[in-house]
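run-v4.pdb follows (PDB, C-alpha atoms and all ligand atoms):
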```
ATOM      1  CA  MET T   1      -9.547  -3.091  64.064  1.00  0.00           C
ATOM      2  CA  LEU T   2     -10.464  -3.431  60.425  1.00  0.00           C
ATOM      3  CA  GLN T   3      -9.494   0.158  59.803  1.00  0.00           C
ATOM      4  CA  HIS T   4      -6.238  -0.394  61.665  1.00  0.00           C
ATOM      5  CA  SER T   5      -5.156  -3.293  59.504  1.00  0.00           C
ATOM      6  CA  PHE T   6      -6.237  -1.363  56.407  1.00  0.00           C
ATOM      7  CA  ILE T   7      -4.006   1.570  57.358  1.00  0.00           C
ATOM      8  CA  GLY T   8      -1.248  -0.843  58.304  1.00  0.00           C
ATOM      9  CA  ARG T   9      -1.357  -2.518  54.926  1.00  0.00           C
ATOM     10  CA  ASN T  10      -1.202   0.757  53.032  1.00  0.00           C
ATOM     11  CA  LEU T  11       1.704   1.862  55.172  1.00  0.00           C
ATOM     12  CA  LEU T  12       3.457  -1.397  54.393  1.00  0.00           C
ATOM     13  CA  ASP T  13       2.843  -0.783  50.683  1.00  0.00           C
ATOM     14  CA  LEU T  14       4.531   2.592  51.015  1.00  0.00           C
ATOM     15  CA  VAL T  15       7.571   1.216  52.763  1.00  0.00           C
ATOM     16  CA  PHE T  16       7.862  -2.013  50.750  1.00  0.00           C
ATOM     17  CA  PRO T  17       5.935  -1.432  47.532  1.00  0.00           C
ATOM     18  CA  ASN T  18       5.189  -4.417  45.342  1.00  0.00           C
ATOM     19  CA  ILE T  19       7.104  -3.973  42.132  1.00  0.00           C
ATOM     20  CA  CYS T  20       6.488  -5.086  38.570  1.00  0.00           C
ATOM     21  CA  VAL T  21       8.606  -8.204  37.922  1.00  0.00           C
ATOM     22  CA  VAL T  22       9.426  -6.967  34.414  1.00  0.00           C
ATOM     23  CA  CYS T  23      10.180  -3.212  34.719  1.00  0.00           C
ATOM     24  CA  THR T  24      10.498  -2.962  38.565  1.00  0.00           C
ATOM     25  CA  ARG T  25       8.136   0.043  38.768  1.00  0.00           C
ATOM     26  CA  ALA T  26       5.967   0.178  41.887  1.00  0.00           C
ATOM     27  CA  LEU T  27       2.612  -1.466  41.316  1.00  0.00           C
ATOM     28  CA  VAL T  28      -0.550   0.502  41.928  1.00  0.00           C
ATOM     29  CA  ARG T  29      -3.776  -0.833  43.397  1.00  0.00           C
ATOM     30  CA  GLY T  30      -5.429  -3.381  41.134  1.00  0.00           C
ATOM     31  CA  GLU T  31      -2.119  -4.471  39.583  1.00  0.00           C
ATOM     32  CA  ASN T  32      -0.701  -7.866  40.486  1.00  0.00           C
ATOM     33  CA  ILE T  33       2.808  -9.155  39.603  1.00  0.00           C
ATOM     34  CA  LEU T  34       2.980  -6.958  36.493  1.00  0.00           C
ATOM     35  CA  CYS T  35       2.226  -3.316  35.782  1.00  0.00           C
ATOM     36  CA  THR T  36      -0.531  -2.595  33.269  1.00  0.00           C
ATOM     37  CA  ASN T  37       1.988  -1.492  30.611  1.00  0.00           C
ATOM     38  CA  CYS T  38       4.158  -4.619  30.812  1.00  0.00           C
ATOM     39  CA  ASN T  39       1.068  -6.833  30.955  1.00  0.00           C
ATOM     40  CA  TYR T  40      -0.326  -5.188  27.825  1.00  0.00           C
ATOM     41  CA  GLU T  41       2.980  -5.638  25.990  1.00  0.00           C
ATOM     42  CA  LEU T  42       3.130  -9.428  26.534  1.00  0.00           C
ATOM     43  CA  PRO T  43       2.919 -11.350  23.234  1.00  0.00           C
ATOM     44  CA  ARG T  44      -0.476 -13.053  23.429  1.00  0.00           C
ATOM     45  CA  THR T  45      -1.356 -15.525  20.657  1.00  0.00           C
ATOM     46  CA  HIS T  46      -5.176 -15.641  20.969  1.00  0.00           C
ATOM     47  CA  PHE T  47      -4.894 -19.246  19.743  1.00  0.00           C
ATOM     48  CA  SER T  48      -7.561 -20.542  22.129  1.00  0.00           C
ATOM     49  CA  THR T  49     -10.425 -19.309  19.942  1.00  0.00           C
ATOM     50  CA  HIS T  50      -8.833 -20.532  16.682  1.00  0.00           C
ATOM     51  CA  GLU T  51      -9.780 -24.014  15.538  1.00  0.00           C
ATOM     52  CA  ASN T  52      -6.616 -24.938  13.615  1.00  0.00           C
ATOM     53  CA  ASN T  53      -4.004 -22.842  15.338  1.00  0.00           C
ATOM     54  CA  PRO T  54      -0.280 -23.806  15.078  1.00  0.00           C
ATOM     55  CA  VAL T  55      -0.245 -25.514  18.514  1.00  0.00           C
ATOM     56  CA  HIS T  56      -3.241 -27.684  17.656  1.00  0.00           C
ATOM     57  CA  GLN T  57      -1.633 -28.509  14.291  1.00  0.00           C
ATOM     58  CA  LEU T  58       1.589 -29.522  16.047  1.00  0.00           C
ATOM     59  CA  PHE T  59      -0.256 -32.530  17.519  1.00  0.00           C
ATOM     60  CA  TRP T  60      -2.102 -33.629  14.380  1.00  0.00           C
ATOM     61  CA  GLY T  61      -1.459 -37.327  13.782  1.00  0.00           C
ATOM     62  CA  ARG T  62       0.178 -37.656  17.191  1.00  0.00           C
ATOM     63  CA  ILE T  63      -2.550 -37.299  19.822  1.00  0.00           C
ATOM     64  CA  VAL T  64      -6.327 -37.111  19.440  1.00  0.00           C
ATOM     65  CA  LEU T  65      -7.290 -33.771  20.941  1.00  0.00           C
ATOM     66  CA  ASN T  66     -10.403 -31.690  21.366  1.00  0.00           C
ATOM     67  CA  HIS T  67      -8.328 -28.545  21.180  1.00  0.00           C
ATOM     68  CA  ALA T  68      -4.881 -27.182  21.969  1.00  0.00           C
ATOM     69  CA  SER T  69      -3.580 -23.681  22.501  1.00  0.00           C
ATOM     70  CA  ALA T  70      -0.854 -21.559  24.032  1.00  0.00           C
ATOM     71  CA  TYR T  71      -1.394 -18.149  25.608  1.00  0.00           C
ATOM     72  CA  PHE T  72       1.912 -16.456  24.723  1.00  0.00           C
ATOM     73  CA  HIS T  73       4.528 -16.586  21.992  1.00  0.00           C
ATOM     74  CA  TYR T  74       7.846 -17.622  23.510  1.00  0.00           C
ATOM     75  CA  ARG T  75      10.668 -15.464  22.174  1.00  0.00           C
ATOM     76  CA  LYS T  76      14.223 -15.350  23.472  1.00  0.00           C
ATOM     77  CA  GLY T  77      15.042 -12.070  25.192  1.00  0.00           C
ATOM     78  CA  SER T  78      11.383 -11.071  25.558  1.00  0.00           C
ATOM     79  CA  SER T  79       9.809  -9.878  28.788  1.00  0.00           C
ATOM     80  CA  PHE T  80       7.792 -13.092  28.767  1.00  0.00           C
ATOM     81  CA  GLN T  81      11.060 -15.070  28.892  1.00  0.00           C
ATOM     82  CA  LYS T  82      12.053 -12.975  31.916  1.00  0.00           C
ATOM     83  CA  LEU T  83       8.756 -13.830  33.613  1.00  0.00           C
ATOM     84  CA  LEU T  84       9.134 -17.521  32.871  1.00  0.00           C
ATOM     85  CA  HIS T  85      12.679 -17.490  34.216  1.00  0.00           C
ATOM     86  CA  GLN T  86      11.449 -15.902  37.454  1.00  0.00           C
ATOM     87  CA  LEU T  87       8.719 -18.528  37.675  1.00  0.00           C
ATOM     88  CA  LYS T  88      11.010 -21.490  37.034  1.00  0.00           C
ATOM     89  CA  TYR T  89      14.244 -20.555  38.761  1.00  0.00           C
ATOM     90  CA  HIS T  90      13.557 -17.789  41.268  1.00  0.00           C
ATOM     91  CA  GLY T  91      10.719 -19.197  43.308  1.00  0.00           C
ATOM     92  CA  LYS T  92       8.073 -16.854  41.887  1.00  0.00           C
ATOM     93  CA  TYR T  93       5.247 -19.382  42.018  1.00  0.00           C
ATOM     94  CA  GLU T  94       2.679 -16.558  42.034  1.00  0.00           C
ATOM     95  CA  ILE T  95       3.710 -15.543  38.486  1.00  0.00           C
ATOM     96  CA  GLY T  96       2.400 -18.907  37.270  1.00  0.00           C
ATOM     97  CA  ILE T  97      -0.869 -18.408  39.129  1.00  0.00           C
ATOM     98  CA  GLU T  98      -1.387 -14.870  37.780  1.00  0.00           C
ATOM     99  CA  LEU T  99      -0.585 -15.729  34.134  1.00  0.00           C
ATOM    100  CA  GLY T 100      -2.589 -18.948  34.421  1.00  0.00           C
ATOM    101  CA  ARG T 101      -5.554 -16.965  35.741  1.00  0.00           C
ATOM    102  CA  GLN T 102      -5.354 -14.553  32.792  1.00  0.00           C
ATOM    103  CA  PHE T 103      -5.072 -17.513  30.382  1.00  0.00           C
ATOM    104  CA  GLY T 104      -8.081 -19.092  32.078  1.00  0.00           C
ATOM    105  CA  HIS T 105     -10.167 -15.977  31.452  1.00  0.00           C
ATOM    106  CA  GLU T 106      -9.324 -16.228  27.746  1.00  0.00           C
ATOM    107  CA  LEU T 107     -10.263 -19.939  27.773  1.00  0.00           C
ATOM    108  CA  LEU T 108     -13.638 -18.964  29.230  1.00  0.00           C
ATOM    109  CA  ILE T 109     -14.366 -16.935  26.082  1.00  0.00           C
ATOM    110  CA  SER T 110     -13.300 -19.787  23.770  1.00  0.00           C
ATOM    111  CA  PRO T 111     -15.987 -22.271  22.679  1.00  0.00           C
ATOM    112  CA  HIS T 112     -13.522 -25.173  23.025  1.00  0.00           C
ATOM    113  CA  TYR T 113     -12.964 -25.370  26.787  1.00  0.00           C
ATOM    114  CA  HIS T 114     -16.461 -25.179  28.264  1.00  0.00           C
ATOM    115  CA  THR T 115     -16.649 -28.926  28.893  1.00  0.00           C
ATOM    116  CA  VAL T 116     -13.270 -29.264  30.678  1.00  0.00           C
ATOM    117  CA  GLU T 117     -13.827 -31.143  33.958  1.00  0.00           C
ATOM    118  CA  LEU T 118     -10.346 -31.689  35.344  1.00  0.00           C
ATOM    119  CA  ILE T 119      -7.095 -29.747  34.931  1.00  0.00           C
ATOM    120  CA  VAL T 120      -3.922 -31.845  35.055  1.00  0.00           C
ATOM    121  CA  PRO T 121      -0.441 -30.285  35.210  1.00  0.00           C
ATOM    122  CA  VAL T 122       2.459 -31.947  33.386  1.00  0.00           C
ATOM    123  CA  PRO T 123       4.444 -33.328  36.340  1.00  0.00           C
ATOM    124  CA  LEU T 124       8.108 -32.892  37.137  1.00  0.00           C
ATOM    125  CA  HIS T 125      10.167 -35.861  38.258  1.00  0.00           C
ATOM    126  CA  PRO T 126      10.002 -35.899  42.104  1.00  0.00           C
ATOM    127  CA  LYS T 127      13.760 -35.281  42.294  1.00  0.00           C
ATOM    128  CA  LYS T 128      13.482 -32.188  40.111  1.00  0.00           C
ATOM    129  CA  GLU T 129      10.432 -30.937  41.984  1.00  0.00           C
ATOM    130  CA  LYS T 130      12.360 -31.266  45.230  1.00  0.00           C
ATOM    131  CA  GLU T 131      15.257 -29.242  43.789  1.00  0.00           C
ATOM    132  CA  ARG T 132      12.939 -26.492  42.534  1.00  0.00           C
ATOM    133  CA  GLY T 133      10.560 -26.664  45.475  1.00  0.00           C
ATOM    134  CA  TYR T 134       7.429 -26.802  43.305  1.00  0.00           C
ATOM    135  CA  ASN T 135       6.059 -27.670  39.888  1.00  0.00           C
ATOM    136  CA  GLN T 136       5.658 -24.510  37.789  1.00  0.00           C
ATOM    137  CA  SER T 137       3.009 -26.193  35.611  1.00  0.00           C
ATOM    138  CA  LEU T 138       0.923 -26.739  38.742  1.00  0.00           C
ATOM    139  CA  ALA T 139       1.049 -22.976  39.416  1.00  0.00           C
ATOM    140  CA  ILE T 140      -0.261 -22.291  35.895  1.00  0.00           C
ATOM    141  CA  ALA T 141      -2.896 -25.014  36.294  1.00  0.00           C
ATOM    142  CA  GLU T 142      -4.031 -23.490  39.611  1.00  0.00           C
ATOM    143  CA  GLY T 143      -4.453 -20.086  37.939  1.00  0.00           C
ATOM    144  CA  ILE T 144      -6.489 -21.596  35.085  1.00  0.00           C
ATOM    145  CA  SER T 145      -8.461 -23.533  37.683  1.00  0.00           C
ATOM    146  CA  GLN T 146      -9.416 -20.304  39.505  1.00  0.00           C
ATOM    147  CA  ALA T 147     -10.754 -18.777  36.278  1.00  0.00           C
ATOM    148  CA  LEU T 148     -12.564 -21.859  34.920  1.00  0.00           C
ATOM    149  CA  LYS T 149     -13.778 -22.953  38.381  1.00  0.00           C
ATOM    150  CA  VAL T 150     -12.706 -26.491  37.532  1.00  0.00           C
ATOM    151  CA  PRO T 151     -10.514 -28.550  39.919  1.00  0.00           C
ATOM    152  CA  THR T 152      -6.808 -29.223  39.374  1.00  0.00           C
ATOM    153  CA  GLU T 153      -5.219 -32.476  40.375  1.00  0.00           C
ATOM    154  CA  SER T 154      -1.757 -33.966  39.813  1.00  0.00           C
ATOM    155  CA  ILE T 155      -2.949 -37.413  38.727  1.00  0.00           C
ATOM    156  CA  ILE T 156       0.030 -38.142  36.445  1.00  0.00           C
ATOM    157  CA  GLU T 157       3.543 -38.798  37.744  1.00  0.00           C
ATOM    158  CA  ARG T 158       6.874 -38.617  35.991  1.00  0.00           C
ATOM    159  CA  LYS T 159       8.979 -41.757  36.178  1.00  0.00           C
ATOM    160  CA  ILE T 160      12.055 -40.816  34.159  1.00  0.00           C
ATOM    161  CA  TYR T 161      14.317 -38.000  35.294  1.00  0.00           C
ATOM    162  CA  ALA T 162      16.210 -37.152  32.098  1.00  0.00           C
ATOM    163  CA  GLU T 163      14.420 -34.934  29.629  1.00  0.00           C
ATOM    164  CA  THR T 164      16.548 -35.811  26.631  1.00  0.00           C
ATOM    165  CA  GLN T 165      18.107 -39.126  25.789  1.00  0.00           C
ATOM    166  CA  THR T 166      19.970 -38.020  22.686  1.00  0.00           C
ATOM    167  CA  LYS T 167      22.674 -40.650  22.992  1.00  0.00           C
ATOM    168  CA  LYS T 168      20.282 -43.589  23.165  1.00  0.00           C
ATOM    169  CA  SER T 169      18.976 -45.560  20.217  1.00  0.00           C
ATOM    170  CA  ARG T 170      15.557 -44.787  18.814  1.00  0.00           C
ATOM    171  CA  ILE T 171      13.997 -47.924  20.289  1.00  0.00           C
ATOM    172  CA  ASP T 172      15.374 -47.174  23.739  1.00  0.00           C
ATOM    173  CA  ARG T 173      14.085 -43.664  23.416  1.00  0.00           C
ATOM    174  CA  TRP T 174      10.634 -44.895  22.447  1.00  0.00           C
ATOM    175  CA  GLN T 175      10.575 -47.246  25.434  1.00  0.00           C
ATOM    176  CA  ASN T 176      11.580 -44.334  27.629  1.00  0.00           C
ATOM    177  CA  VAL T 177       8.751 -42.258  26.225  1.00  0.00           C
ATOM    178  CA  GLU T 178       6.250 -45.070  26.865  1.00  0.00           C
ATOM    179  CA  GLU T 179       7.369 -45.354  30.462  1.00  0.00           C
ATOM    180  CA  ALA T 180       8.121 -41.699  31.127  1.00  0.00           C
ATOM    181  CA  PHE T 181       4.732 -40.918  32.675  1.00  0.00           C
ATOM    182  CA  HIS T 182       2.298 -42.953  34.725  1.00  0.00           C
ATOM    183  CA  LEU T 183      -1.372 -42.297  35.448  1.00  0.00           C
ATOM    184  CA  LYS T 184      -1.666 -42.680  39.230  1.00  0.00           C
ATOM    185  CA  HIS T 185      -5.431 -42.304  39.541  1.00  0.00           C
ATOM    186  CA  PRO T 186      -7.225 -43.579  36.399  1.00  0.00           C
ATOM    187  CA  GLN T 187     -10.596 -43.534  38.201  1.00  0.00           C
ATOM    188  CA  LYS T 188     -10.326 -39.727  38.564  1.00  0.00           C
ATOM    189  CA  ALA T 189      -9.809 -39.262  34.804  1.00  0.00           C
ATOM    190  CA  GLU T 190     -12.240 -41.852  33.434  1.00  0.00           C
ATOM    191  CA  GLY T 191     -15.041 -40.383  31.337  1.00  0.00           C
ATOM    192  CA  LYS T 192     -13.813 -36.799  31.745  1.00  0.00           C
ATOM    193  CA  HIS T 193     -12.629 -33.965  29.522  1.00  0.00           C
ATOM    194  CA  LEU T 194      -9.083 -33.383  30.772  1.00  0.00           C
ATOM    195  CA  LEU T 195      -7.001 -30.258  30.241  1.00  0.00           C
ATOM    196  CA  LEU T 196      -3.280 -31.022  30.273  1.00  0.00           C
ATOM    197  CA  VAL T 197      -1.236 -27.947  31.258  1.00  0.00           C
ATOM    198  CA  ASP T 198       2.428 -27.250  30.492  1.00  0.00           C
ATOM    199  CA  ASP T 199       4.664 -24.163  30.715  1.00  0.00           C
ATOM    200  CA  VAL T 200       6.270 -23.988  27.261  1.00  0.00           C
ATOM    201  CA  ILE T 201       5.392 -26.134  24.252  1.00  0.00           C
ATOM    202  CA  THR T 202       8.317 -26.653  21.896  1.00  0.00           C
ATOM    203  CA  THR T 203       8.330 -29.978  20.003  1.00  0.00           C
ATOM    204  CA  GLY T 204       5.304 -31.301  21.897  1.00  0.00           C
ATOM    205  CA  ALA T 205       7.221 -34.487  22.782  1.00  0.00           C
ATOM    206  CA  THR T 206       6.694 -34.120  26.540  1.00  0.00           C
ATOM    207  CA  LEU T 207       2.952 -33.585  26.177  1.00  0.00           C
ATOM    208  CA  GLU T 208       2.735 -36.478  23.711  1.00  0.00           C
ATOM    209  CA  ALA T 209       4.490 -38.780  26.199  1.00  0.00           C
ATOM    210  CA  CYS T 210       2.290 -37.478  29.009  1.00  0.00           C
ATOM    211  CA  ALA T 211      -0.882 -38.107  26.957  1.00  0.00           C
ATOM    212  CA  LEU T 212       0.334 -41.666  26.347  1.00  0.00           C
ATOM    213  CA  SER T 213      -0.156 -42.389  30.054  1.00  0.00           C
ATOM    214  CA  LEU T 214      -3.931 -42.067  29.452  1.00  0.00           C
ATOM    215  CA  ARG T 215      -4.016 -44.832  26.817  1.00  0.00           C
ATOM    216  CA  ASN T 216      -5.675 -47.463  29.043  1.00  0.00           C
ATOM    217  CA  LEU T 217      -8.664 -45.286  29.886  1.00  0.00           C
ATOM    218  CA  ASN T 218     -11.890 -46.417  28.212  1.00  0.00           C
ATOM    219  CA  ASP T 219     -13.389 -43.009  27.809  1.00  0.00           C
ATOM    220  CA  TYR T 220     -11.925 -39.523  28.011  1.00  0.00           C
ATOM    221  CA  GLN T 221     -11.408 -36.327  26.032  1.00  0.00           C
ATOM    222  CA  LEU T 222      -8.194 -34.374  26.026  1.00  0.00           C
ATOM    223  CA  SER T 223      -7.236 -30.754  25.425  1.00  0.00           C
ATOM    224  CA  ILE T 224      -3.892 -29.044  25.886  1.00  0.00           C
ATOM    225  CA  ALA T 225      -3.039 -25.620  27.278  1.00  0.00           C
ATOM    226  CA  GLY T 226       0.543 -24.365  27.233  1.00  0.00           C
ATOM    227  CA  LEU T 227       1.348 -21.042  28.841  1.00  0.00           C
ATOM    228  CA  ALA T 228       3.555 -20.367  25.803  1.00  0.00           C
ATOM    229  CA  ALA T 229       4.614 -21.901  22.510  1.00  0.00           C
ATOM    230  CA  ALA T 230       8.119 -21.570  21.085  1.00  0.00           C
TER     231      ALA T 230
HETATM  232 ZN    ZN T 301       6.184  -3.189  34.333  1.00  0.00          ZN
END
```
In C-alpha cells, write the structure found in this file.
Amino acid sequence: MLQHSFIGRNLLDLVFPNICVVCTRALVRGENILCTNCNYELPRTHFSTHENNPVHQLFWGRIVLNHASAYFHYRKGSSFQKLLHQLKYHGKYEIGIELGRQFGHELLISPHYHTVELIVPVPLHPKKEKERGYNQSLAIAEGISQALKVPTESIIERKIYAETQTKKSRIDRWQNVEEAFHLKHPQKAEGKHLLLVDDVITTGATLEACALSLRNLNDYQLSIAGLAAA
C-alpha cells in the first residue's frame, strides 16, 4: 500500500510536475516552490544578524524595539516582486509559508530572536481579507513559526479599511492611526517578547500604527520581521 502510493505520487509528478514559480522549470525532489537557482538569486539582506541595520534604524525614535529586520530587498521588476505578487494576488499562500520558513531559519542564527515567544502577523481589515481569501502576513508568520517553533496568533485586528488617508488633515490622520489597530487579546501578549510580521516594509507607518495597539500592556518586548524592505 505504501509502495503503491509512493509510485502513484511519482507518476503524478511526471504528469503534473511542480514548477518553479519564478522560471517555470520543473522542480526536482527537495525543491519547494522555487528551483535552487531562483532561490539562490533572491536578494537577501542578512539584516537579522546586524544590530543597526537600515530597517531597525527606520524605527528609531518611533517605536521601542529589541530588533527589526527584513529578509529580502524589495526591488521593482525583480523575481522577488513576482513571488510577492503571486502570494498577494494569485492565491499562492504556500509561497508565504516557504519564504517565511527560510527567513525563520536565518532568525534562528541571529542572536536577537532567541527570546521571541509569540509571532503576530500584521492583520488585514476583515473586508480585505475576505476579498483576498487570506492574510499573506499570516502565511509568512506561519513559516517563521515552523522554523522558530514558536506559536503564531492573530491577536491584533485592523479597524480601518483605507490604507492611505492623503486627503485628510494631519490630526484626522493621527486619530486614524491611533484607532487603526486594536489588540483583541492583551492577556496573550502581556509579559512576552512579540515578533510582529509584515510582508513589505516601506515607510514603517503600518507597523508603527500596529505597535501602538500594544501601548496599554504593562510589560512586553517587541521585534519586527518584514519579509522584504523597499
Ligand atoms: Zn526557477
Can you write out as JSON lines which residues of chain T fall within 10 Å of ligand ZN 301 (chain T), alongside each residue's closest atom pair and its distance in Å to one decimal, counting all atoms listed in the file and ordering rows by chain and ascending residue number?
```
{"residue": "T:Ile19", "atom": "CA", "partner": "T:ZN301", "partner_atom": "ZN", "distance": 7.9}
{"residue": "T:Cys20", "atom": "CA", "partner": "T:ZN301", "partner_atom": "ZN", "distance": 4.7}
{"residue": "T:Val21", "atom": "CA", "partner": "T:ZN301", "partner_atom": "ZN", "distance": 6.6}
{"residue": "T:Val22", "atom": "CA", "partner": "T:ZN301", "partner_atom": "ZN", "distance": 5.0}
{"residue": "T:Cys23", "atom": "CA", "partner": "T:ZN301", "partner_atom": "ZN", "distance": 4.0}
{"residue": "T:Thr24", "atom": "CA", "partner": "T:ZN301", "partner_atom": "ZN", "distance": 6.0}
{"residue": "T:Arg25", "atom": "CA", "partner": "T:ZN301", "partner_atom": "ZN", "distance": 5.8}
{"residue": "T:Ala26", "atom": "CA", "partner": "T:ZN301", "partner_atom": "ZN", "distance": 8.3}
{"residue": "T:Leu27", "atom": "CA", "partner": "T:ZN301", "partner_atom": "ZN", "distance": 8.0}
{"residue": "T:Glu31", "atom": "CA", "partner": "T:ZN301", "partner_atom": "ZN", "distance": 9.9}
{"residue": "T:Ile33", "atom": "CA", "partner": "T:ZN301", "partner_atom": "ZN", "distance": 8.6}
{"residue": "T:Leu34", "atom": "CA", "partner": "T:ZN301", "partner_atom": "ZN", "distance": 5.4}
{"residue": "T:Cys35", "atom": "CA", "partner": "T:ZN301", "partner_atom": "ZN", "distance": 4.2}
{"residue": "T:Thr36", "atom": "CA", "partner": "T:ZN301", "partner_atom": "ZN", "distance": 6.8}
{"residue": "T:Asn37", "atom": "CA", "partner": "T:ZN301", "partner_atom": "ZN", "distance": 5.9}
{"residue": "T:Cys38", "atom": "CA", "partner": "T:ZN301", "partner_atom": "ZN", "distance": 4.3}
{"residue": "T:Asn39", "atom": "CA", "partner": "T:ZN301", "partner_atom": "ZN", "distance": 7.1}
{"residue": "T:Tyr40", "atom": "CA", "partner": "T:ZN301", "partner_atom": "ZN", "distance": 9.4}
{"residue": "T:Glu41", "atom": "CA", "partner": "T:ZN301", "partner_atom": "ZN", "distance": 9.3}
{"residue": "T:Ser79", "atom": "CA", "partner": "T:ZN301", "partner_atom": "ZN", "distance": 9.4}
```
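For the pair atom CA of T:Glu208 and atom CA of T:His185, the separation is 18.7 Å.
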Determine the residue membership of the PyMOL selection byres (((chain T and resi 45) around 7) and not hetatm) for the file above and supply it as a PyMOL selection string.
-> chain T and resi 43-44+46-47+70-73
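Between T:Glu190 and the residues T:Ala209, T:Leu58, T:Leu214, T:Val64, the shortest atom-to-atom distance, using all atoms listed in the file, involves T:Leu214.
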Mind running stretch 167-217 of chain T against stretch 104-112 of chain T at 12 Å and telling me each contacting residue's nearest atom pair with the distance in Å (one decimal), counting all atoms listed in the file, chain and number ascending, as CSV?
```
residue,atom,partner,partner_atom,distance
T:His193,CA,T:His112,CA,11.0
T:Leu195,CA,T:His112,CA,11.0
T:Val197,CA,T:Gly104,CA,11.2
```
Work out how far apart atom CA of T:Tyr161 and atom CA of T:Gly204 are and give it in Å to one decimal.
->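 Those two atoms sit 17.5 Å apart.
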For stretch 107-123 of chain T, take all atoms listed in the file, fit an axis-aligned box around them, add 4 Å to each of the six sides, then output centre and edge lengths in Å rounded to one decimal, as JSON.
```
{"center_x": -6.1, "center_y": -25.1, "center_z": 29.5, "size_x": 29.1, "size_y": 24.4, "size_z": 21.7}
```
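With only C-alpha atoms as the atoms that count, the residue of T:Glu142, T:Glu153, T:Glu129, T:Glu51 with the shortest distance to T:Phe103 is T:Glu142.
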Provide the atom CA of T:Gly133 to atom CA of T:Lys92 distance in Å, to one decimal place.
-> 10.7 Å
Out of T:Val150, T:Ala189, T:Ala141, T:Ile95, which residue has the shortest atom-to-atom distance to T:Gln221 when counting only C-alpha atoms?
->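 Closest to T:Gln221 of all the choices is T:Ala189.
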